[in-house]
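Novice: Pasting run03.csv here (CSV, C-alpha atoms):
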chain,number,residue,atom,x,y,z
A,1,MET,CA,0.0,0.0,0.0
A,2,LYS,CA,1.4,3.4,-0.9
A,3,ILE,CA,0.5,6.4,1.1
A,4,LEU,CA,0.4,9.7,-0.8
A,5,PHE,CA,0.9,13.0,0.9
A,6,PRO,CA,-1.0,15.9,-0.8
A,7,SER,CA,2.0,18.2,-0.8
A,8,PRO,CA,5.5,18.8,0.6
A,9,LEU,CA,4.0,21.5,2.8
A,10,VAL,CA,1.8,19.0,4.6
A,11,HIS,CA,4.9,16.8,4.9
A,12,LYS,CA,6.7,19.6,6.7
A,13,LEU,CA,3.6,20.4,8.9
A,14,ILE,CA,3.5,16.8,10.0
A,15,ALA,CA,7.1,16.8,11.0
A,16,VAL,CA,6.8,20.1,12.9
A,17,SER,CA,3.6,19.0,14.6
A,18,ALA,CA,5.2,15.7,15.6
A,19,VAL,CA,8.2,17.5,17.2
A,20,LEU,CA,5.9,19.9,19.0
A,21,LEU,CA,3.7,17.2,20.2
A,22,ALA,CA,6.6,15.1,21.4
A,23,THR,CA,8.0,18.2,23.2
A,24,ALA,CA,4.6,18.8,24.8
A,25,LEU,CA,4.3,15.2,26.0
A,26,ALA,CA,7.8,15.1,27.3
A,27,GLY,CA,7.1,18.2,29.4
A,28,GLY,CA,4.3,17.6,31.9
A,29,CYS,CA,4.0,19.0,35.5
A,30,ALA,CA,7.0,19.9,37.6
A,31,THR,CA,7.6,17.6,40.6
A,32,PRO,CA,9.1,18.7,43.8
A,33,THR,CA,12.4,17.4,45.0
A,34,THR,CA,12.3,14.6,47.5
A,35,SER,CA,14.2,14.2,50.8
A,36,GLN,CA,15.2,10.7,49.7
A,37,GLY,CA,16.8,12.2,46.5
A,38,MET,CA,18.7,14.8,48.5
A,39,THR,CA,20.0,12.5,51.2
A,40,PRO,CA,23.6,11.6,50.7
A,41,THR,CA,24.4,7.9,50.9
A,42,ALA,CA,27.9,8.4,52.4
A,43,ILE,CA,29.7,11.3,53.9
A,44,GLN,CA,33.4,11.7,54.5
A,45,THR,CA,33.6,12.3,58.2
A,46,ALA,CA,36.7,13.3,60.2
A,47,ALA,CA,35.0,13.0,63.6
A,48,ARG,CA,31.7,12.4,65.2
A,49,HIS,CA,30.4,14.8,67.8
A,50,ASP,CA,28.8,13.5,71.0
A,51,LYS,CA,26.3,16.4,71.0
A,52,THR,CA,22.8,17.0,69.9
A,53,VAL,CA,21.7,19.4,67.2
A,54,SER,CA,18.6,21.3,66.2
A,55,LEU,CA,18.0,22.3,62.6
A,56,LYS,CA,16.5,25.4,60.9
A,57,VAL,CA,16.2,25.5,57.2
A,58,SER,CA,15.0,28.6,55.2
A,59,GLY,CA,15.2,30.0,51.7
A,60,GLY,CA,13.4,27.0,50.1
A,61,GLN,CA,10.4,27.3,47.8
A,62,GLU,CA,7.4,25.1,47.1
A,63,THR,CA,7.1,23.7,43.5
A,64,GLU,CA,4.3,25.0,41.4
A,65,ALA,CA,2.9,22.6,38.8
A,66,ILE,CA,3.7,24.8,35.9
A,67,GLY,CA,7.0,26.0,37.3
A,68,LYS,CA,10.3,24.2,37.9
A,69,SER,CA,11.3,21.7,40.6
A,70,GLN,CA,12.2,23.5,43.7
A,71,ILE,CA,13.5,22.5,47.1
A,72,SER,CA,11.1,23.0,50.0
A,73,ASN,CA,12.4,23.8,53.5
A,74,ALA,CA,10.6,20.7,54.9
A,75,ALA,CA,12.2,18.3,52.3
A,76,TYR,CA,15.6,19.8,52.8
A,77,ALA,CA,15.4,19.6,56.6
A,78,GLN,CA,14.3,16.0,56.4
A,79,ALA,CA,17.2,15.2,54.1
A,80,LEU,CA,19.6,16.9,56.5
A,81,THR,CA,18.1,15.1,59.4
A,82,ASP,CA,18.4,11.7,57.7
A,83,ALA,CA,22.0,12.5,56.7
A,84,ILE,CA,22.9,13.4,60.2
A,85,ASN,CA,21.2,10.3,61.7
A,86,ASN,CA,22.9,8.0,59.1
A,87,SER,CA,26.3,9.5,59.5
A,88,LYS,CA,26.1,10.0,63.3
A,89,ILE,CA,28.0,13.3,63.0
A,90,PHE,CA,25.8,14.4,65.9
A,91,SER,CA,24.4,12.0,68.5
A,92,SER,CA,20.9,13.0,67.5
A,93,VAL,CA,18.7,15.6,65.9
A,94,ILE,CA,16.4,17.3,68.3
A,95,GLN,CA,13.1,18.8,67.0
A,96,GLY,CA,12.6,22.4,68.1
A,97,ASN,CA,15.3,24.3,70.0
A,98,GLY,CA,16.5,21.8,72.5
A,99,GLY,CA,19.8,20.8,70.9
A,100,ASP,CA,23.3,21.6,72.2
A,101,TYR,CA,23.9,23.2,68.8
A,102,LEU,CA,21.7,25.0,66.3
A,103,LEU,CA,22.5,24.4,62.6
A,104,THR,CA,20.9,26.9,60.3
A,105,VAL,CA,21.0,26.4,56.6
A,106,THR,CA,19.7,29.1,54.3
A,107,ILE,CA,19.3,28.3,50.6
A,108,PHE,CA,20.5,31.4,48.9
A,109,ASN,CA,20.9,30.7,45.2
A,110,MET,CA,19.6,28.1,42.9
A,111,ASP,CA,20.5,28.4,39.3
A,112,GLN,CA,18.9,25.9,37.0
A,113,LEU,CA,20.6,26.0,33.6
A,114,LEU,CA,19.9,24.1,30.4
A,115,PHE,CA,22.7,23.2,28.0
A,116,GLY,CA,21.3,21.3,25.0
A,117,LEU,CA,19.5,18.4,26.8
A,118,THR,CA,21.6,18.6,29.9
A,119,PHE,CA,20.4,20.3,33.0
A,120,MET,CA,23.0,21.9,35.3
A,121,VAL,CA,21.9,23.1,38.7
A,122,LYS,CA,24.2,25.4,40.8
A,123,MET,CA,23.3,25.9,44.4
A,124,GLU,CA,24.6,28.1,47.2
A,125,ALA,CA,23.6,27.7,50.8
A,126,GLY,CA,24.7,29.5,53.9
A,127,TRP,CA,25.6,27.2,56.8
A,128,GLN,CA,25.8,28.5,60.3
A,129,LEU,CA,26.5,26.5,63.5
A,130,LYS,CA,25.8,28.1,66.8
A,131,ARG,CA,26.4,26.9,70.3
A,132,VAL,CA,23.1,27.2,72.1
A,133,SER,CA,24.5,27.6,75.6
A,134,ASP,CA,26.2,30.9,75.0
A,135,GLY,CA,24.8,31.8,71.6
A,136,SER,CA,28.3,32.0,70.0
A,137,MET,CA,28.8,31.4,66.3
A,138,VAL,CA,31.0,28.3,66.0
A,139,TRP,CA,31.3,28.2,62.2
A,140,GLN,CA,29.7,29.7,59.2
A,141,GLU,CA,30.4,29.1,55.5
A,142,SER,CA,28.8,29.6,52.2
A,143,ILE,CA,28.8,26.3,50.4
A,144,LYS,CA,28.4,26.0,46.7
A,145,SER,CA,27.6,22.8,44.8
A,146,GLU,CA,26.5,21.8,41.3
A,147,ASN,CA,25.1,18.8,39.6
A,148,THR,CA,24.2,17.8,36.1
A,149,ALA,CA,21.6,15.4,34.7
A,150,THR,CA,21.5,14.1,31.2
A,151,THR,CA,19.0,12.1,29.1
A,152,GLY,CA,20.8,9.1,30.4
A,153,ASP,CA,19.4,9.9,33.8
A,154,ALA,CA,15.9,10.6,32.7
A,155,PHE,CA,14.2,11.2,29.3
A,156,ALA,CA,11.4,13.5,30.6
A,157,ALA,CA,12.7,17.0,31.1
A,158,VAL,CA,10.8,17.6,34.3
A,159,THR,CA,12.3,14.4,35.9
A,160,ARG,CA,15.8,15.3,34.6
A,161,LEU,CA,15.6,18.8,36.2
A,162,ARG,CA,14.4,17.3,39.5
A,163,LEU,CA,17.3,14.8,39.5
A,164,ALA,CA,19.8,17.6,38.7
A,165,THR,CA,18.3,19.7,41.5
A,166,GLU,CA,18.3,16.9,44.0
A,167,GLY,CA,21.9,16.1,43.2
A,168,ALA,CA,23.0,19.7,43.8
A,169,ALA,CA,21.3,19.6,47.2
A,170,ARG,CA,22.7,16.2,48.1
A,171,LYS,CA,26.3,17.4,47.3
A,172,ASN,CA,25.7,20.6,49.3
A,173,ILE,CA,24.6,18.5,52.4
A,174,GLU,CA,27.6,16.2,51.9
A,175,GLN,CA,30.0,19.1,51.9
A,176,GLY,CA,28.4,20.9,54.8
A,177,LEU,CA,28.3,17.9,57.1
A,178,SER,CA,31.8,16.9,56.1
A,179,ARG,CA,33.0,20.4,57.1
A,180,ILE,CA,31.1,20.2,60.4
A,181,SER,CA,32.7,16.8,61.2
A,182,ALA,CA,36.1,18.4,60.9
A,183,LEU,CA,35.3,21.0,63.6
A,184,LYS,CA,36.4,20.7,67.1
A,185,LEU,CA,33.3,21.2,69.2
B,186,MET,CA,-7.4,12.8,8.1
B,187,LEU,CA,-3.8,14.1,8.0
B,188,LYS,CA,-5.0,17.6,8.3
B,189,LYS,CA,-7.0,16.7,11.4
B,190,ILE,CA,-3.9,15.1,13.0
B,191,VAL,CA,-1.8,18.2,12.2
B,192,PHE,CA,-4.5,20.5,13.6
B,193,ILE,CA,-4.9,18.5,16.8
B,194,SER,CA,-1.2,18.2,17.3
B,195,LEU,CA,-0.8,22.0,16.9
B,196,VAL,CA,-3.6,22.7,19.3
B,197,ILE,CA,-2.1,20.4,22.0
B,198,ALA,CA,1.4,21.9,21.5
B,199,ALA,CA,0.0,25.5,21.6
B,200,LEU,CA,-1.9,24.7,24.8
B,201,SER,CA,1.2,23.2,26.4
B,202,ALA,CA,3.3,26.2,25.4
B,203,LEU,CA,0.7,28.7,26.7
B,204,SER,CA,0.3,26.9,30.1
B,205,GLY,CA,3.5,28.5,31.5
B,206,CYS,CA,2.8,32.1,30.6
B,207,ALA,CA,1.7,33.6,33.9
B,208,VAL,CA,4.0,32.5,36.7
B,209,ASN,CA,4.8,35.0,39.4
B,210,ARG,CA,7.0,34.4,42.4
B,211,ALA,CA,8.6,36.7,44.9
B,212,SER,CA,10.5,35.7,48.0
B,213,ALA,CA,13.1,37.0,50.4
B,214,SER,CA,14.9,35.7,53.5
B,215,ILE,CA,17.5,36.9,55.9
B,216,THR,CA,19.9,35.1,58.2
B,217,PRO,CA,19.2,35.4,61.9
B,218,ASP,CA,21.1,38.2,63.7
B,219,THR,CA,21.6,40.2,60.5
B,220,ASP,CA,21.1,43.9,61.0
B,221,LEU,CA,20.4,45.2,57.5
B,222,LYS,CA,19.6,48.7,58.8
B,223,ALA,CA,23.1,49.0,60.2
B,224,MET,CA,24.6,48.6,56.7
B,225,LYS,CA,25.1,52.1,55.2
B,226,THR,CA,27.6,51.5,52.5
B,227,PHE,CA,27.3,48.9,49.7
B,228,TYR,CA,29.6,47.6,46.9
B,229,VAL,CA,27.5,46.1,44.1
B,230,VAL,CA,29.6,43.6,42.1
B,231,HIS,CA,29.0,43.9,38.4
B,232,ARG,CA,28.2,40.4,37.2
B,233,GLU,CA,30.6,39.2,34.5
B,234,GLY,CA,28.7,39.2,31.2
B,235,ASP,CA,25.9,41.5,32.3
B,236,LYS,CA,25.1,43.7,29.3
B,237,HIS,CA,22.0,45.3,30.9
B,238,ASP,CA,23.7,47.2,33.7
B,239,THR,CA,21.6,45.6,36.4
B,240,ASP,CA,24.3,46.6,38.9
B,241,GLN,CA,23.5,50.3,38.2
B,242,LEU,CA,19.8,49.8,38.8
B,243,ILE,CA,20.6,48.2,42.2
B,244,LYS,CA,23.0,51.1,43.0
B,245,ASP,CA,20.3,53.6,42.1
B,246,HIS,CA,17.8,51.8,44.3
B,247,LEU,CA,20.2,52.0,47.2
B,248,ASN,CA,21.0,55.6,46.6
B,249,LYS,CA,17.3,56.4,46.5
B,250,LYS,CA,17.1,54.9,50.0
B,251,GLY,CA,19.7,57.3,51.1
B,252,LEU,CA,22.5,54.7,51.2
B,253,ALA,CA,25.9,55.0,49.7
B,254,ALA,CA,26.6,52.5,46.9
B,255,THR,CA,29.3,52.0,44.3
B,256,THR,CA,29.6,49.4,41.6
B,257,GLY,CA,32.6,47.6,40.2
B,258,PRO,CA,34.2,44.3,39.4
B,259,GLU,CA,34.7,41.5,41.9
B,260,LEU,CA,37.5,42.4,44.3
B,261,PRO,CA,39.7,40.4,46.7
B,262,LEU,CA,38.3,40.2,50.3
B,263,PRO,CA,37.6,42.2,52.3
B,264,TYR,CA,35.4,44.7,50.4
B,265,PRO,CA,35.6,48.4,51.4
B,266,ALA,CA,31.9,48.6,52.4
B,267,ASP,CA,29.5,47.5,55.0
B,268,ALA,CA,28.0,45.0,52.6
B,269,VAL,CA,28.5,43.4,49.2
B,270,VAL,CA,25.7,42.9,46.7
B,271,THR,CA,25.7,40.3,44.0
B,272,TYR,CA,23.0,39.3,41.7
B,273,ILE,CA,21.9,36.8,39.0
B,274,ASP,CA,19.6,38.2,36.3
B,275,LYS,CA,18.0,36.0,33.7
B,276,TRP,CA,16.5,37.4,30.6
B,277,PHE,CA,14.1,35.9,28.1
B,278,TRP,CA,12.8,36.9,24.7
B,279,ASP,CA,9.1,37.2,23.9
B,280,ILE,CA,8.5,39.8,21.3
B,281,THR,CA,11.1,41.8,23.2
B,282,MET,CA,13.7,40.9,25.7
B,283,TYR,CA,12.6,41.1,29.3
B,284,MET,CA,14.0,40.2,32.7
B,285,LEU,CA,12.5,36.9,33.7
B,286,GLU,CA,14.1,36.4,37.0
B,287,LEU,CA,16.3,38.4,39.4
B,288,THR,CA,18.1,37.1,42.5
B,289,ILE,CA,19.9,39.6,44.7
B,290,ASN,CA,22.3,38.5,47.5
B,291,ILE,CA,23.6,40.8,50.3
B,292,ARG,CA,26.9,39.5,51.6
B,293,ASN,CA,29.3,40.0,54.5
B,294,PRO,CA,32.2,42.1,53.1
B,295,SER,CA,34.9,40.1,55.0
B,296,ASP,CA,34.0,36.6,53.9
B,297,ASN,CA,31.3,36.9,51.3
B,298,PHE,CA,28.9,35.0,53.4
B,299,PRO,CA,25.3,35.7,52.2
B,300,VAL,CA,23.2,37.3,54.9
B,301,ALA,CA,20.1,38.1,52.8
B,302,VAL,CA,18.5,37.1,49.6
B,303,GLY,CA,15.6,38.1,47.5
B,304,ASN,CA,14.2,36.6,44.3
B,305,SER,CA,11.5,37.6,41.9
B,306,TYR,CA,10.2,35.7,38.9
B,307,HIS,CA,7.7,37.0,36.4
B,308,THR,CA,6.9,35.5,33.1
B,309,SER,CA,6.0,37.3,30.0
B,310,LEU,CA,2.4,38.2,30.5
B,311,THR,CA,3.1,39.8,33.9
B,312,ARG,CA,6.6,41.0,33.1
B,313,LEU,CA,8.0,43.9,35.1
B,314,SER,CA,10.6,46.4,33.9
B,315,PRO,CA,14.2,45.8,35.1
B,316,THR,CA,13.8,48.8,37.5
B,317,GLU,CA,10.6,47.4,38.9
B,318,MET,CA,12.2,44.0,39.3
B,319,VAL,CA,15.1,45.5,41.3
B,320,ASP,CA,12.6,47.5,43.4
B,321,GLU,CA,10.5,44.5,44.2
B,322,VAL,CA,13.4,42.3,45.2
B,323,MET,CA,15.1,44.9,47.3
B,324,THR,CA,11.8,46.0,49.0
B,325,ASN,CA,11.1,42.3,49.9
B,326,ILE,CA,14.6,41.9,51.3
B,327,TYR,CA,14.2,45.0,53.5
B,328,LYS,CA,10.8,43.9,54.7
B,329,GLN,CA,12.6,41.0,56.4
B,330,ALA,CA,14.8,43.4,58.3
B,331,LYS,CA,13.7,43.8,61.9
Using structure tokens, write down the structure from this file.

Specialist:
Amino acid sequence: MKILFPSPLVHKLIAVSAVLLATALAGGCATPTTSQGMTPTAIQTAARHDKTVSLKVSGGQETEAIGKSQISNAAYAQALTDAINNSKIFSSVIQGNGGDYLLTVTIFNMDQLLFGLTFMVKMEAGWQLKRVSDGSMVWQESIKSENTATTGDAFAAVTRLRLATEGAARKNIEQGLSRISALKL
Amino acid sequence: MLKKIVFISLVIAALSALSGCAVNRASASITPDTDLKAMKTFYVVHREGDKHDTDQLIKDHLNKKGLAATTGPELPLPYPADAVVTYIDKWFWDITMYMLELTINIRNPSDNFPVAVGNSYHTSLTRLSPTEMVDEVMTNIYKQAK
């Protein structure tokens, strides 16, 4: 059976439409980053501190369905809690303000870039560790991290961006906790 | 039949493209113990590659508030001011170029530690002028100051 197209113009229209349709279908709604995706599996630790810590995370944003994947304060705090519990850098994480130390992490910058089909996410967070007993600042540092995700990680763009974002957050937590483990508390 | 497929595909693609046309977001946060009102002199770092002179707009905004501000390239620490201002501006084309997103950081001049941040994101249909974007971000940052 031979299919005849009416004209070359229709041919081109079909091709353009197919590309547009594929792009539309590959899009979809943005999904928020997950705490599991942001939790590092292993952290290089110099020492473990026999102290408790409370956490405060700010600067995060909720994900809108038609926007981009964002990091919420709650998800980042959960990833940080899980990372501390897994690595035992502090003896435990205390909810509220009852810890020996207060760790404040503020997400300052999140730059989500697209190069071809690769997403690169650059993140900067301000880390501050305070001793609660006297209110003194023990350590503060701006930690920058970045991560890329390609079509090998995920075909759908929204998933690829989420993975790139989660990776940047995960690396940020790795670096921050690794620095804290090297402190003499 | 073919014409129907083409038509339906174009409608779906157009709807998908239009769905992201009106996103607005504005936020700001400040680290605890930061006294923004004590900062009287600012050094605005010109972002490398910025062809829109956004640093000048930030400087103008600070000057209008009665604060001293200068702009220039990135310098070795410490900066000769009470605070350093850095920014990331993203531009997009839709009939004309417009500022899609602006993030402004206020930093400690001795170690570049960020002490305050503001971000605004407005897509094409609700676009703001660059001056309005700067005003919105800076106003939101100062709203966080105690």

Novice: Name all residues at most 12 Å from Glu317 in chain B (count only C-alpha atoms; drop same-chain ones fewer than 5 positions away) and give them as a list in words.

Specialist: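 Here the qualifying residues turn out to be Thr239, Leu242, Ile243, Asp245, His246, Tyr283, Met284, Leu285, Glu286, Leu287, Ser305, Tyr306, His307, Thr311, Arg312, Val322, Met323 and Thr324 of chain B.
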
Novice: Can you pull out every residue within 8 Å of range 230-233 of chain B, counting only C-alpha atoms, but drop anything in the same chain fewer than 3 positions away, and send it as a ChimeraX atom specification?

Specialist: /B:238-240,256-259,269-273

Novice: With a cut-off of 9 Å, could you pull out the residues of range 273-324 of chain B touching range 120-129 of chain A and give me the nearest pair of atoms for each, distance in Å to one decimal, using all atoms listed in the file, ordered by chain and ascending number, as a tab-separated table?

Specialist:
residue	atom	partner	partner_atom	distance
B:Phe298	CA	A:Gly126	CA	6.9
B:Pro299	CA	A:Gly126	CA	6.5
B:Val300	CA	A:Gly126	CA	8.0

Novice: Figure out the distance between CA of Val208 in chain B and CA of Arg162 in chain A, please, to one decimal in Å.

Specialist: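 Answer for the CA of Arg162 in chain A to CA of Val208 in chain B separation: 18.6 Å.
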
Novice: Could you jot down the CA of Asn290 in chain B to CA of Lys56 in chain A separation for me, Å, one decimal place?

Specialist: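 Between CA of Asn290 in chain B and CA of Lys56 in chain A the gap is 19.6 Å.
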
Novice: Taking all atoms listed in the file into account, name the residue in A:Gln61, A:Thr39, A:Thr118, A:Ser133 that is nearest to Asn86 in chain A.

Specialist: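 Nearest to Asn86 in chain A: A:Thr39.
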
Novice: At what distance in Å, to one decimal, does CA of Ala30 in chain A lie from CA of Met318 in chain B?

Specialist: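 Separation of CA of Met318 in chain B and CA of Ala30 in chain A: 24.7 Å.
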
Novice: Of the residues B:Pro265, B:Pro294, B:Gly251, B:Pro217, which is the one nearest to chain A, using only C-alpha atoms?

Specialist: B:Pro217

Novice: Around (18.5, 17.9, 64.0), as given in the file, which residues come within 7 Å? Count all atoms listed in the file and list them as a list in words.

Specialist: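 Residues close enough to count: Val53, Ser54, Leu55, Thr81, Ser92, Val93, Ile94 and Gln95 of chain A.
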
Novice: Find the residues near range 142-154 of chain A: any atom within 10 Å, counting only C-alpha atoms, skip ones fewer than 6 places away on the same chain, and give them as a ChimeraX atom specification.

Specialist: /A:105-128,160-176,179 /B:296-300

Novice: I need the residue nearest Asp220 in chain B from this list: B:Arg292, B:Lys189, B:Lys236, B:Lys250. Use only C-alpha atoms for the distance.

Specialist: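 Using only C-alpha atoms, Asp220 in chain B sits closest to B:Arg292.
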
Novice: Using only C-alpha atoms, which residue out of B:Thr226, B:Ile215, B:Pro261, B:Ala254 lies closest to Gly303 in chain B?

Specialist: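 Checking each candidate against Gly303 in chain B, we get B:Ile215 as the closest.
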
Novice: From (6.8, 19.0, 39.2), in the file's coordinates, out to 12 Å: which residues are reached, counting all atoms listed in the file? Answer as a PyMOL selection string.

Specialist: chain A and resi 27-34+62-71+156-163+165

Novice: Counting all atoms listed in the file, which of A:Asn97, A:Asn85, A:Ser58, A:Thr104 gets nearest to Lys130 in chain A?

Specialist: A:Thr104

Novice: Which residue out of B:Val229, B:Ala268, B:Ile326, B:Leu313 has the minimum interatomic distance to chain A when all atoms listed in the file are used?

Specialist: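 Closest to chain A of all the choices is B:Ile326.
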
Novice: Output range 104-113 of chain A with all heavy atoms present, as a short mmCIF file (atom, residue, chain, number, x, y, z; two decimals), in the frame of the given file.

Specialist:
data_model
loop_
_atom_site.label_atom_id
_atom_site.label_comp_id
_atom_site.auth_asym_id
_atom_site.auth_seq_id
_atom_site.Cartn_x
_atom_site.Cartn_y
_atom_site.Cartn_z
N THR A 104 21.81 26.20 61.21
CA THR A 104 20.90 26.90 60.30
C THR A 104 21.44 26.87 58.89
O THR A 104 22.60 27.20 58.64
CB THR A 104 20.82 28.43 60.75
OG1 THR A 104 20.42 28.49 62.12
CG2 THR A 104 19.81 29.19 59.90
N VAL A 105 20.61 26.41 57.99
CA VAL A 105 21.00 26.40 56.60
C VAL A 105 20.01 27.22 55.79
O VAL A 105 18.80 26.99 55.85
CB VAL A 105 21.01 24.93 56.03
CG1 VAL A 105 21.43 24.92 54.56
CG2 VAL A 105 21.95 24.04 56.84
N THR A 106 20.54 28.20 55.08
CA THR A 106 19.70 29.10 54.30
C THR A 106 20.05 28.87 52.80
O THR A 106 21.21 29.04 52.40
CB THR A 106 19.91 30.56 54.65
OG1 THR A 106 19.77 30.69 56.06
CG2 THR A 106 18.90 31.45 53.95
N ILE A 107 19.07 28.47 52.02
CA ILE A 107 19.30 28.30 50.60
C ILE A 107 19.26 29.66 49.93
O ILE A 107 18.22 30.32 49.93
CB ILE A 107 18.23 27.35 49.97
CG1 ILE A 107 18.26 25.99 50.66
CG2 ILE A 107 18.43 27.20 48.46
CD1 ILE A 107 17.07 25.10 50.35
N PHE A 108 20.39 30.09 49.42
CA PHE A 108 20.50 31.40 48.90
C PHE A 108 20.29 31.51 47.38
O PHE A 108 19.60 32.38 46.88
CB PHE A 108 21.82 32.08 49.27
CG PHE A 108 21.79 32.65 50.65
CD1 PHE A 108 22.37 31.98 51.70
CD2 PHE A 108 21.15 33.84 50.90
CE1 PHE A 108 22.32 32.50 52.98
CE2 PHE A 108 21.09 34.36 52.17
CZ PHE A 108 21.68 33.69 53.21
N ASN A 109 20.95 30.63 46.67
CA ASN A 109 20.90 30.70 45.20
C ASN A 109 20.65 29.32 44.63
O ASN A 109 21.27 28.35 45.07
CB ASN A 109 22.18 31.25 44.63
CG ASN A 109 22.37 32.71 44.97
OD1 ASN A 109 21.46 33.51 44.83
ND2 ASN A 109 23.55 33.04 45.46
N MET A 110 19.78 29.30 43.64
CA MET A 110 19.60 28.10 42.90
C MET A 110 19.49 28.44 41.42
O MET A 110 18.53 29.09 41.03
CB MET A 110 18.39 27.32 43.35
CG MET A 110 18.55 25.96 42.98
SD MET A 110 18.01 24.64 43.67
CE MET A 110 16.30 24.97 43.60
N ASP A 111 20.48 28.07 40.66
CA ASP A 111 20.50 28.40 39.30
C ASP A 111 20.32 27.18 38.43
O ASP A 111 21.18 26.28 38.44
CB ASP A 111 21.90 29.08 38.96
CG ASP A 111 21.82 30.05 37.81
OD1 ASP A 111 20.72 30.28 37.31
OD2 ASP A 111 22.89 30.57 37.41
N GLN A 112 19.20 27.09 37.74
CA GLN A 112 18.90 25.90 37.00
C GLN A 112 19.10 26.21 35.48
O GLN A 112 18.35 26.95 34.88
CB GLN A 112 17.44 25.46 37.23
CG GLN A 112 17.24 25.03 38.68
CD GLN A 112 15.79 24.84 39.07
OE1 GLN A 112 14.97 25.69 38.79
NE2 GLN A 112 15.48 23.73 39.73
N LEU A 113 20.17 25.64 34.92
CA LEU A 113 20.60 26.00 33.60
C LEU A 113 20.37 24.79 32.63
O LEU A 113 20.50 23.63 33.03
CB LEU A 113 22.07 26.35 33.56
CG LEU A 113 22.48 27.45 34.55
CD1 LEU A 113 23.98 27.46 34.73
CD2 LEU A 113 21.99 28.80 34.06
#
